[in-house]
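Pasted below: run-v2.cif, mmCIF, N, CA and C atoms and all ligand atoms.
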data_my_file
loop_
_atom_site.label_atom_id
_atom_site.label_comp_id
_atom_site.auth_asym_id
_atom_site.auth_seq_id
_atom_site.Cartn_x
_atom_site.Cartn_y
_atom_site.Cartn_z
N MET C 1 -39.00 0.67 -28.68
CA MET C 1 -37.96 -0.02 -27.90
C MET C 1 -36.60 0.61 -28.18
N GLN C 2 -36.22 0.60 -29.45
CA GLN C 2 -34.94 1.19 -29.86
C GLN C 2 -34.87 2.66 -29.44
N ARG C 3 -36.00 3.34 -29.70
CA ARG C 3 -36.01 4.77 -29.44
C ARG C 3 -35.87 5.07 -27.95
N SER C 4 -36.55 4.29 -27.11
CA SER C 4 -36.49 4.58 -25.68
C SER C 4 -35.10 4.27 -25.14
N ARG C 5 -34.45 3.28 -25.74
CA ARG C 5 -33.10 2.96 -25.28
C ARG C 5 -32.14 4.11 -25.62
N ARG C 6 -32.34 4.67 -26.83
CA ARG C 6 -31.48 5.79 -27.21
C ARG C 6 -31.74 7.00 -26.31
N LYS C 7 -33.01 7.19 -25.97
CA LYS C 7 -33.36 8.29 -25.07
C LYS C 7 -32.66 8.12 -23.73
N ALA C 8 -32.66 6.91 -23.22
CA ALA C 8 -32.03 6.64 -21.93
C ALA C 8 -30.53 6.92 -22.01
N ALA C 9 -29.90 6.53 -23.12
CA ALA C 9 -28.47 6.76 -23.28
C ALA C 9 -28.16 8.25 -23.34
N LEU C 10 -29.03 8.99 -24.05
CA LEU C 10 -28.85 10.43 -24.15
C LEU C 10 -29.02 11.09 -22.79
N LEU C 11 -29.98 10.60 -22.03
CA LEU C 11 -30.22 11.15 -20.71
C LEU C 11 -29.02 10.93 -19.79
N LEU C 12 -28.47 9.71 -19.85
CA LEU C 12 -27.29 9.40 -19.03
C LEU C 12 -26.12 10.28 -19.42
N ALA C 13 -25.93 10.48 -20.73
CA ALA C 13 -24.83 11.33 -21.20
C ALA C 13 -25.02 12.76 -20.72
N ALA C 14 -26.25 13.24 -20.80
CA ALA C 14 -26.54 14.60 -20.36
C ALA C 14 -26.29 14.75 -18.86
N LEU C 15 -26.67 13.73 -18.09
CA LEU C 15 -26.45 13.76 -16.64
C LEU C 15 -24.96 13.79 -16.33
N ASP C 16 -24.20 13.01 -17.08
CA ASP C 16 -22.76 12.92 -16.84
C ASP C 16 -22.09 14.27 -17.12
N ILE C 17 -22.46 14.87 -18.26
CA ILE C 17 -21.89 16.17 -18.61
C ILE C 17 -22.36 17.22 -17.61
N GLY C 18 -23.65 17.16 -17.25
CA GLY C 18 -24.21 18.13 -16.31
C GLY C 18 -23.52 18.08 -14.96
N SER C 19 -23.33 16.86 -14.44
CA SER C 19 -22.72 16.75 -13.11
C SER C 19 -21.25 17.20 -13.16
N THR C 20 -20.60 16.99 -14.31
CA THR C 20 -19.21 17.45 -14.46
C THR C 20 -19.15 18.97 -14.42
N LEU C 21 -20.08 19.60 -15.13
CA LEU C 21 -20.10 21.07 -15.16
C LEU C 21 -20.39 21.64 -13.78
N VAL C 22 -21.32 21.02 -13.06
CA VAL C 22 -21.67 21.49 -11.72
C VAL C 22 -20.45 21.36 -10.80
N ALA C 23 -19.78 20.19 -10.87
CA ALA C 23 -18.61 19.97 -10.03
C ALA C 23 -17.51 20.98 -10.36
N ARG C 24 -17.33 21.25 -11.64
CA ARG C 24 -16.33 22.22 -12.08
C ARG C 24 -16.59 23.59 -11.49
N SER C 25 -17.87 23.98 -11.53
CA SER C 25 -18.21 25.31 -11.04
C SER C 25 -18.01 25.39 -9.53
N ARG C 26 -17.93 24.23 -8.86
CA ARG C 26 -17.73 24.23 -7.41
C ARG C 26 -16.27 24.11 -7.04
N GLY C 27 -15.39 24.18 -8.01
CA GLY C 27 -13.96 24.21 -7.70
C GLY C 27 -13.27 22.87 -7.84
N TYR C 28 -13.94 21.87 -8.39
CA TYR C 28 -13.27 20.60 -8.63
C TYR C 28 -12.65 20.65 -10.02
N GLY C 29 -11.57 19.92 -10.21
CA GLY C 29 -10.87 19.97 -11.48
C GLY C 29 -11.40 19.00 -12.51
N VAL C 30 -12.57 18.42 -12.28
CA VAL C 30 -13.07 17.44 -13.24
C VAL C 30 -13.38 18.11 -14.58
N GLY C 31 -13.29 17.33 -15.65
CA GLY C 31 -13.46 17.89 -16.98
C GLY C 31 -12.12 18.32 -17.53
N GLY C 32 -11.07 17.71 -17.03
CA GLY C 32 -9.71 18.03 -17.44
C GLY C 32 -8.79 17.34 -16.47
N ASN C 33 -7.70 18.01 -16.10
CA ASN C 33 -6.82 17.44 -15.10
C ASN C 33 -7.40 17.68 -13.72
N ALA C 34 -7.71 16.61 -13.03
CA ALA C 34 -8.34 16.73 -11.72
C ALA C 34 -7.43 16.15 -10.65
N VAL C 35 -7.39 16.83 -9.50
CA VAL C 35 -6.67 16.28 -8.36
C VAL C 35 -7.63 15.33 -7.65
N VAL C 36 -7.17 14.11 -7.44
CA VAL C 36 -8.02 13.11 -6.79
C VAL C 36 -7.29 12.51 -5.59
N ARG C 37 -8.06 11.91 -4.71
CA ARG C 37 -7.50 11.27 -3.53
C ARG C 37 -7.94 9.81 -3.52
N CYS C 38 -7.00 8.92 -3.24
CA CYS C 38 -7.36 7.51 -3.19
C CYS C 38 -7.76 7.13 -1.78
N ARG C 39 -8.20 5.90 -1.60
CA ARG C 39 -8.69 5.45 -0.30
C ARG C 39 -7.62 5.52 0.78
N ARG C 40 -6.36 5.42 0.37
CA ARG C 40 -5.28 5.47 1.36
C ARG C 40 -4.78 6.89 1.59
N GLY C 41 -5.41 7.85 0.91
CA GLY C 41 -5.05 9.23 1.14
C GLY C 41 -4.00 9.79 0.22
N HIS C 42 -3.58 9.01 -0.78
CA HIS C 42 -2.60 9.52 -1.74
C HIS C 42 -3.27 10.55 -2.65
N LEU C 43 -2.55 11.59 -2.95
CA LEU C 43 -3.06 12.63 -3.85
C LEU C 43 -2.33 12.55 -5.17
N PHE C 44 -3.05 12.63 -6.26
CA PHE C 44 -2.40 12.70 -7.57
C PHE C 44 -3.34 13.34 -8.58
N THR C 45 -2.79 13.64 -9.74
CA THR C 45 -3.57 14.29 -10.79
C THR C 45 -3.94 13.26 -11.84
N THR C 46 -5.14 13.32 -12.31
CA THR C 46 -5.58 12.40 -13.34
C THR C 46 -6.46 13.14 -14.32
N LEU C 47 -6.56 12.60 -15.52
CA LEU C 47 -7.42 13.22 -16.53
C LEU C 47 -8.83 12.72 -16.29
N TRP C 48 -9.73 13.63 -15.99
CA TRP C 48 -11.10 13.26 -15.65
C TRP C 48 -12.04 13.95 -16.63
N LEU C 49 -12.61 13.17 -17.51
CA LEU C 49 -13.51 13.73 -18.51
C LEU C 49 -14.87 13.04 -18.43
N PRO C 50 -15.93 13.78 -18.74
CA PRO C 50 -17.22 13.12 -18.76
C PRO C 50 -17.30 12.15 -19.93
N LEU C 51 -18.07 11.12 -19.79
CA LEU C 51 -18.36 10.14 -20.84
C LEU C 51 -17.21 9.19 -21.17
N VAL C 52 -15.99 9.71 -21.19
CA VAL C 52 -14.89 8.82 -21.59
C VAL C 52 -14.06 8.39 -20.40
N SER C 53 -13.81 7.12 -20.31
CA SER C 53 -12.82 6.63 -19.36
C SER C 53 -12.44 5.23 -19.81
N VAL C 54 -11.21 5.09 -20.23
CA VAL C 54 -10.75 3.79 -20.71
C VAL C 54 -9.89 3.08 -19.67
N LYS C 55 -9.34 3.84 -18.72
CA LYS C 55 -8.43 3.21 -17.76
C LYS C 55 -9.07 3.01 -16.41
N SER C 56 -10.34 3.38 -16.30
CA SER C 56 -10.97 3.29 -14.99
C SER C 56 -12.42 2.88 -15.13
N LEU C 57 -12.95 2.44 -14.04
CA LEU C 57 -14.36 2.05 -13.98
C LEU C 57 -15.11 3.17 -13.29
N ARG C 58 -16.05 3.78 -13.99
CA ARG C 58 -16.77 4.92 -13.44
C ARG C 58 -17.94 4.45 -12.60
N LEU C 59 -18.04 5.00 -11.42
CA LEU C 59 -19.19 4.73 -10.56
C LEU C 59 -19.75 6.07 -10.13
N GLY C 60 -20.18 6.86 -11.09
CA GLY C 60 -20.67 8.18 -10.77
C GLY C 60 -19.52 9.07 -10.31
N TRP C 61 -19.58 9.48 -9.05
CA TRP C 61 -18.59 10.39 -8.51
C TRP C 61 -17.29 9.66 -8.16
N TRP C 62 -17.37 8.33 -8.01
CA TRP C 62 -16.19 7.54 -7.69
C TRP C 62 -15.66 6.88 -8.94
N ARG C 63 -14.41 6.58 -8.93
CA ARG C 63 -13.84 5.79 -10.01
C ARG C 63 -12.90 4.78 -9.40
N ILE C 64 -12.86 3.62 -10.03
CA ILE C 64 -11.88 2.63 -9.62
C ILE C 64 -10.74 2.70 -10.62
N GLN C 65 -9.57 3.01 -10.15
CA GLN C 65 -8.42 3.07 -11.05
C GLN C 65 -7.14 2.84 -10.28
N ARG C 66 -6.03 2.81 -10.99
CA ARG C 66 -4.76 2.54 -10.36
C ARG C 66 -4.17 3.81 -9.78
N CYS C 67 -3.70 3.72 -8.56
CA CYS C 67 -3.07 4.86 -7.92
C CYS C 67 -1.58 4.82 -8.24
N PRO C 68 -1.04 5.87 -8.87
CA PRO C 68 0.37 5.86 -9.25
C PRO C 68 1.30 6.10 -8.05
N VAL C 69 0.75 6.57 -6.94
CA VAL C 69 1.59 6.85 -5.77
C VAL C 69 1.85 5.56 -4.99
N GLY C 70 0.75 4.86 -4.65
CA GLY C 70 0.91 3.63 -3.88
C GLY C 70 0.98 2.39 -4.75
N ARG C 71 0.81 2.58 -6.07
CA ARG C 71 0.80 1.46 -7.03
C ARG C 71 -0.17 0.38 -6.60
N HIS C 72 -1.42 0.78 -6.48
CA HIS C 72 -2.46 -0.19 -6.11
C HIS C 72 -3.76 0.26 -6.77
N TRP C 73 -4.70 -0.70 -6.90
CA TRP C 73 -6.03 -0.36 -7.42
C TRP C 73 -6.85 0.17 -6.27
N THR C 74 -7.62 1.20 -6.53
CA THR C 74 -8.34 1.84 -5.46
C THR C 74 -9.53 2.62 -5.99
N VAL C 75 -10.34 3.12 -5.07
CA VAL C 75 -11.42 4.03 -5.42
C VAL C 75 -10.89 5.45 -5.25
N VAL C 76 -11.04 6.29 -6.26
CA VAL C 76 -10.59 7.67 -6.12
C VAL C 76 -11.77 8.62 -6.24
N VAL C 77 -11.67 9.73 -5.55
CA VAL C 77 -12.69 10.78 -5.63
C VAL C 77 -11.98 12.11 -5.89
N PRO C 78 -12.62 13.00 -6.64
CA PRO C 78 -12.03 14.32 -6.88
C PRO C 78 -11.97 15.12 -5.58
N VAL C 79 -10.93 15.92 -5.42
CA VAL C 79 -10.86 16.81 -4.26
C VAL C 79 -10.78 18.25 -4.75
N LYS C 80 -11.26 19.14 -3.91
CA LYS C 80 -11.19 20.56 -4.22
C LYS C 80 -9.77 21.03 -4.00
N GLU C 81 -9.18 21.65 -5.02
CA GLU C 81 -7.80 22.11 -4.85
C GLU C 81 -7.71 23.21 -3.80
N SER C 82 -8.78 23.99 -3.68
CA SER C 82 -8.75 25.08 -2.70
C SER C 82 -8.74 24.56 -1.27
N ALA C 83 -9.12 23.27 -1.10
CA ALA C 83 -9.15 22.69 0.24
C ALA C 83 -7.80 22.10 0.62
N LEU C 84 -6.85 22.10 -0.31
CA LEU C 84 -5.54 21.52 -0.04
C LEU C 84 -4.57 22.58 0.44
N THR C 85 -3.56 22.13 1.15
CA THR C 85 -2.50 23.06 1.51
C THR C 85 -1.58 23.21 0.30
N GLY C 86 -0.76 24.23 0.29
CA GLY C 86 0.16 24.45 -0.83
C GLY C 86 1.04 23.24 -1.07
N ARG C 87 1.47 22.61 0.02
CA ARG C 87 2.35 21.46 -0.10
C ARG C 87 1.62 20.27 -0.72
N GLU C 88 0.38 20.05 -0.26
CA GLU C 88 -0.41 18.95 -0.81
C GLU C 88 -0.67 19.17 -2.29
N ARG C 89 -0.97 20.42 -2.66
CA ARG C 89 -1.28 20.73 -4.05
C ARG C 89 -0.06 20.47 -4.93
N ARG C 90 1.12 20.90 -4.44
CA ARG C 90 2.35 20.69 -5.22
C ARG C 90 2.61 19.20 -5.39
N ARG C 91 2.40 18.45 -4.31
CA ARG C 91 2.65 17.01 -4.38
C ARG C 91 1.67 16.34 -5.34
N ALA C 92 0.41 16.78 -5.28
CA ALA C 92 -0.62 16.19 -6.15
C ALA C 92 -0.31 16.46 -7.62
N HIS C 93 0.18 17.67 -7.90
CA HIS C 93 0.48 18.01 -9.29
C HIS C 93 1.74 17.32 -9.79
N ALA C 94 2.59 16.94 -8.85
CA ALA C 94 3.84 16.28 -9.25
C ALA C 94 3.57 14.83 -9.68
N ARG C 95 2.48 14.26 -9.21
CA ARG C 95 2.16 12.89 -9.55
C ARG C 95 1.02 12.88 -10.55
N HIS C 96 1.27 12.41 -11.74
CA HIS C 96 0.24 12.34 -12.77
C HIS C 96 0.25 10.92 -13.32
N ASP C 97 -0.93 10.33 -13.38
CA ASP C 97 -0.96 8.98 -13.94
C ASP C 97 -0.98 9.08 -15.47
N VAL C 98 -1.16 7.96 -16.15
CA VAL C 98 -1.13 7.98 -17.61
C VAL C 98 -2.14 8.97 -18.16
N ARG C 99 -1.76 9.67 -19.20
CA ARG C 99 -2.63 10.73 -19.72
C ARG C 99 -3.71 10.17 -20.64
N LEU C 100 -4.51 9.30 -20.07
CA LEU C 100 -5.68 8.76 -20.76
C LEU C 100 -6.87 9.00 -19.87
N PRO C 101 -8.01 9.32 -20.44
CA PRO C 101 -9.18 9.54 -19.59
C PRO C 101 -9.68 8.25 -18.95
ZN ZN G 201 -2.99 5.35 -3.27
#
Before we go any further, please render this structure as structure tokens.
Ligand SMILES: [Zn+2]
Amino acid sequence: MQRSRRKAALLLAALDIGSTLVARSRGYGVGGNAVVRCRRGHLFTTLWLPLVSVKSLRLGWWRIQRCPVGRHWTVVVPVKESALTGRERRRAHARHDVRLP
């Protein structure tokens, strides 16, 4: 019982790290400072690390956290920086929420 529970936890941790690495290799900034977009379209930078998140609720690829641009709680998703225009990228980097994962 104990052992299988630990196995499940290890598997979840491995999946989380694995999906972060895959996303990183595809041009997403996760696993460090990531540019994310909220439901209302605000762009900002947040610290996105696998396994740890104290300021947000992780739902796999989505996270529920506070948007520093619109000052509201929202669902955010990582965006590819290469898909942004220069202006969007500058604006996203100018807005950084609290430096906690
Ligand atoms: Zn927002």
**Item:** Selection near C:Ser82, 10 Å with only C-alpha atoms, sequence-local residues under 5 positions removed, as a ChimeraX atom specification
**Value:** /C:27-28,89
**Request:** Within 8 Å of C:Val98, counting all atoms listed in the file, which residues show up once you throw out same-chain ones fewer than 6 positions away? Write them as a list in words, please.
**Result:**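 Residues near the query, excluding close chain neighbours: Thr45, Thr46, Leu47 and Pro68 of chain C.
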Can I get the selection written as a compact mmCIF listing (two decimals), keeping the file's coordinate frame, with N, CA and C atoms?
# COMPACT_ATOMS: atom_id res chain seq x y z
N THR C 45 -2.79 13.64 -9.74
CA THR C 45 -3.57 14.29 -10.79
C THR C 45 -3.94 13.26 -11.84
N THR C 46 -5.14 13.32 -12.31
CA THR C 46 -5.58 12.40 -13.34
C THR C 46 -6.46 13.14 -14.32
N LEU C 47 -6.56 12.60 -15.52
CA LEU C 47 -7.42 13.22 -16.53
C LEU C 47 -8.83 12.72 -16.29
N PRO C 68 -1.04 5.87 -8.87
CA PRO C 68 0.37 5.86 -9.25
C PRO C 68 1.30 6.10 -8.05
**Prompt:** What are the DSSP alpha helix (DSSP H) residues of chain C, as a PyMOL selection string?
**Reply:** chain C and resi 2-25+86-94
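Take the candidates C:Leu43, C:Leu49, C:Arg3, C:Val76 and check each one against C:Arg91 using all atoms listed in the file; the shortest distance goes to C:Leu43.
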Stretch 25-43 of chain C, all listed atoms, 5 Å padding on each side: what axis-aligned box centre and edge lengths in Å to one decimal come out, as lines of an AutoDock Vina configuration file?
center_x = -10.3
center_y = 15.4
center_z = -8.0
size_x = 25.9
size_y = 30.0
size_z = 29.1
Give as a short mmCIF file (atom, residue, chain, number, x, y, z; two decimals) with N, CA and C atoms, in the coordinates of the input the residues surrounding ligand ZN 201 (chain G) up to a distance of 7 Å, considering only N, CA and C atoms and all ligand atoms.
data_model
loop_
_atom_site.label_atom_id
_atom_site.label_comp_id
_atom_site.auth_asym_id
_atom_site.auth_seq_id
_atom_site.Cartn_x
_atom_site.Cartn_y
_atom_site.Cartn_z
N ARG C 37 -8.06 11.91 -4.71
CA ARG C 37 -7.50 11.27 -3.53
C ARG C 37 -7.94 9.81 -3.52
N CYS C 38 -7.00 8.92 -3.24
CA CYS C 38 -7.36 7.51 -3.19
C CYS C 38 -7.76 7.13 -1.78
N ARG C 39 -8.20 5.90 -1.60
CA ARG C 39 -8.69 5.45 -0.30
C ARG C 39 -7.62 5.52 0.78
N ARG C 40 -6.36 5.42 0.37
CA ARG C 40 -5.28 5.47 1.36
C ARG C 40 -4.78 6.89 1.59
N GLY C 41 -5.41 7.85 0.91
CA GLY C 41 -5.05 9.23 1.14
C GLY C 41 -4.00 9.79 0.22
N HIS C 42 -3.58 9.01 -0.78
CA HIS C 42 -2.60 9.52 -1.74
C HIS C 42 -3.27 10.55 -2.65
N LEU C 43 -2.55 11.59 -2.95
CA LEU C 43 -3.06 12.63 -3.85
C LEU C 43 -2.33 12.55 -5.17
N ARG C 66 -6.03 2.81 -10.99
CA ARG C 66 -4.76 2.54 -10.36
C ARG C 66 -4.17 3.81 -9.78
N CYS C 67 -3.70 3.72 -8.56
CA CYS C 67 -3.07 4.86 -7.92
C CYS C 67 -1.58 4.82 -8.24
N PRO C 68 -1.04 5.87 -8.87
CA PRO C 68 0.37 5.86 -9.25
C PRO C 68 1.30 6.10 -8.05
N VAL C 69 0.75 6.57 -6.94
CA VAL C 69 1.59 6.85 -5.77
C VAL C 69 1.85 5.56 -4.99
N GLY C 70 0.75 4.86 -4.65
CA GLY C 70 0.91 3.63 -3.88
C GLY C 70 0.98 2.39 -4.75
N ARG C 71 0.81 2.58 -6.07
CA ARG C 71 0.80 1.46 -7.03
C ARG C 71 -0.17 0.38 -6.60
N HIS C 72 -1.42 0.78 -6.48
CA HIS C 72 -2.46 -0.19 -6.11
C HIS C 72 -3.76 0.26 -6.77
N THR C 74 -7.62 1.20 -6.53
CA THR C 74 -8.34 1.84 -5.46
C THR C 74 -9.53 2.62 -5.99
#
